[in-house]
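Participant: First the structure, which I've put down as structure tokens, then a few questions once you've had a look.
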Amino acid sequence: MTTSAVTSLAAPAGATFAAGTPTLAELTTLRVGGPVAAYVEASTEAELVDAVRAADDAGTPVLVLGGGSNLLAADAGFDGVVVRDARRGIDGQADSSCAGASLTVPAGQPWDEVVATAVDEGWMGVEALSGIPGSTGATPVQNVGAYGQEVAETLSSVRVYDRLERRTRMLAVGELGLGYRTSVLKRSLTDADDGGGRTWGPTPRYVVLEVTFQMRLATLSAPVRYPELARRLGVDVGARVPATEVREAVLALRGSKGMVLDAADHDTWSAGSFFTNPVMTVSQADAALPPEAPRYPVTDHTRIRQIGAAAPVVDGVVKTSAAWLISRAGFDKGYTLGAPASLSTKHSLALTNRGGATAADLLALARSVRDGVRDTYGVELVPEPVLVGVSLG
């Protein structure tokens, strides 16, 4: 059922699941999750805001979805309103006099299409973020990053519906509190300070409506910062190459790790990287990690003064590799507990549905990996996907 009639769909607590509505397994890349009580597919901003407001007025849980690529939902389903943002469009304007391009994108627009457009148009700054599944609205929430680039470098502002203040607001990039895979938007799920005195969930206090980016005009990429990507391109770290080549190389790298969606490949039936890379103080790392464990500098991409410039290093902290910890703790690619869920055969950081897996299967696998890394190294891995109706415990 696809509808924008939101008032009749704001199901009260205890509602039975409506026939004809999609299950969360049909709406997420992990392909698990039960039925929902009500479903709204919003094709306009007004429909999206009205659906969220109606659910909040009724005291009904609400889950706003884009691509469903960062979500693990309960087998029992969701006794609330699922609102899917189906809006599309990329409004970009380039001004050669200021050597910049500004583009505004609705939250529901698939992200990789934004990257492809930017590369085709000669707008520099997101080419290394190719192939990341999901919607544009999720990029500031997670401060999406890959291969040495973060969306923080090109973000200008985010327009949101504030569920607490019940109004539409414009948040400048400096108000987003961006960090490694985090933002004020995301932290409002679990932090009462960012939530305005309470926590929210499974949808944050701030529902992203549209995102505005500022990019440089250039057919060459930003300097290649990631050694693996530089090797793939056959250049030194810091080199600039045609942005089209960076996009092709990133798509190839992601594809080799099962990180580009492909319905025929069960390694891509995942939520991407299931755990974030641990960030710790230098002294914590020295105490917990063996000498051979990776230690990467932590960089602050919000402090880049010019698009494409290097990000300043944050003193006193390092980032290690969750994938390295997982594999060295005894969890090889393809590891399984016997259920139709396993670590990807291509990348140990992805939990995958091999076909017929349940949320319970994936949670059991996640707990096994998390506990094994904690027992081996004393490092607590933190899940990256939003957990809906489930918990790692």
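Going through the structure tokens in order, the chains are called A, B, and so on, while each chain numbers its residues from 1 and the ligands are numbered from 1 in the order shown.
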Residues of range 170-377 of chain A classed as helix (DSSP H, G or I) by DSSP on the backbone are to be reported as number ranges by chain.

Facilitator: A: 173-175, 184-187, 227-233, 243-256, 266-268, 282-288, 301-303, 322-328, 359-377

Participant: Using only C-alpha atoms, tabulate the residues of range 171-225 of chain A lying at most 8 Å from any atom of range 54-65 of chain A, each with its closest atom pair and that distance in Å to one decimal, by chain and increasing residue number, as CSV.

Facilitator:
```
residue,atom,partner,partner_atom,distance
A:Gly201,CA,A:Leu63,CA,7.9
A:Pro202,CA,A:Leu63,CA,5.9
A:Thr203,CA,A:Leu63,CA,5.3
A:Val207,CA,A:Val64,CA,7.8
```

Participant: Could you write out that same residue set with N, CA, C and O atoms as a tab-separated table (two decimals), in the first residue's frame?

Facilitator:
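Listing of part14.tsv after writing:
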```
chain	number	residue	atom	x	y	z
A	201	GLY	N	13.59	8.25	19.16
A	201	GLY	CA	13.90	7.02	18.45
A	201	GLY	C	12.63	6.29	18.03
A	201	GLY	O	11.58	6.47	18.66
A	202	PRO	N	12.73	5.48	16.99
A	202	PRO	CA	13.94	5.22	16.20
A	202	PRO	C	14.29	6.32	15.20
A	202	PRO	O	15.29	6.21	14.50
A	203	THR	N	13.47	7.37	15.14
A	203	THR	CA	13.78	8.52	14.29
A	203	THR	C	14.29	9.66	15.16
A	203	THR	O	13.70	9.94	16.21
A	207	VAL	N	14.33	15.56	11.62
A	207	VAL	CA	14.08	14.80	10.41
A	207	VAL	C	14.64	15.61	9.24
A	207	VAL	O	14.20	16.73	8.98
```

Participant: Pick out the residues sitting within 9 Å of Pro383 in chain A, and hand them over as a ChimeraX atom specification; count only C-alpha atoms, and ignore anything fewer than 2 positions along from it in its own chain.

Facilitator: /A:273-276,366,381,385-387,392

Participant: Run DSSP on the backbone and grab whatever in range 91-157 of chain A lands in strand (DSSP E or B); send it over as a list of chain:residue names.

Facilitator: A:Asp91, A:Gly92, A:Gln93, A:Ala94, A:Asp95, A:Gly100, A:Ala101, A:Ser102, A:Leu103, A:Thr104, A:Val105, A:Pro106, A:Pro110, A:Trp123, A:Met124, A:Ser135, A:Gly145, A:Ala146, A:Gln149, A:Glu150, A:Leu155, A:Ser156, A:Ser157

Participant: Point out the residue among A:Val144, A:Leu337, A:Leu363, A:Ile307 with the least atom-to-atom distance to Gly272 in chain A, counting only C-alpha atoms.

Facilitator: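 The closest residue to Gly272 in chain A is A:Val144.
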
Participant: Counting only C-alpha atoms, which residues of range 211-323 of chain A fall within 9 Å of range 172-190 of chain A, and what is the closest atom pair for each with its distance in Å at one decimal, ordered by chain and rising number, as CSV?

Facilitator:
```
residue,atom,partner,partner_atom,distance
A:Thr276,CA,A:Arg181,CA,7.7
A:Val279,CA,A:Tyr180,CA,8.8
A:Val298,CA,A:Tyr180,CA,8.6
A:Thr299,CA,A:Tyr180,CA,8.8
A:Asp300,CA,A:Gly179,CA,7.3
A:His301,CA,A:Gly179,CA,8.0
A:Thr302,CA,A:Leu178,CA,7.0
```

Participant: Using C-alpha atoms, can you write the selected residues to a file as a compact mmCIF listing (two decimals), in the first residue's frame?

Facilitator:
```txt
# COMPACT_ATOMS: atom_id res chain seq x y z
CA THR A 276 32.50 1.63 13.74
CA VAL A 279 38.60 5.79 18.57
CA VAL A 298 42.06 11.00 13.81
CA THR A 299 41.35 13.97 11.57
CA ASP A 300 38.74 16.71 11.98
CA HIS A 301 37.12 17.27 8.60
CA THR A 302 34.97 20.09 9.98
```

Participant: Smallest atom-to-atom distance to Glu127 in chain A: which of A:Val208, A:Val115, A:Ala264, A:Leu103, using only C-alpha atoms?

Facilitator: A:Val115

Participant: For each of A:Val32, A:Ala94, A:Met124, A:Ala138, take the minimum atom-to-atom distance to Pro110 in chain A, counting only C-alpha atoms, then give the residue where this is smallest.

Facilitator: A:Ala138

Participant: Write out as a VMD selection string which residues come within 8 Å of range 81-87 of chain A when counting only C-alpha atoms, dropping same-chain ones fewer than 5 positions away.

Facilitator: chain A and resid 9 to 11 36 to 45 48 51 to 52 55 60 to 66 106 to 109

Participant: Name the closest residue to Gly316 in chain A among the candidates A:Arg367, A:His347, A:Arg254, A:Arg295; distances are taken between atoms, counting only C-alpha atoms.

Facilitator: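 Checking each candidate against Gly316 in chain A, we get A:Arg295 as the closest.
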
Participant: Which of these residues is nearest to Ala293 in chain A, using only C-alpha atoms: A:Val382, A:Val313, A:Leu325, A:Met280?

Facilitator: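 That would be A:Leu325, the residue with the smallest distance to Ala293 in chain A.
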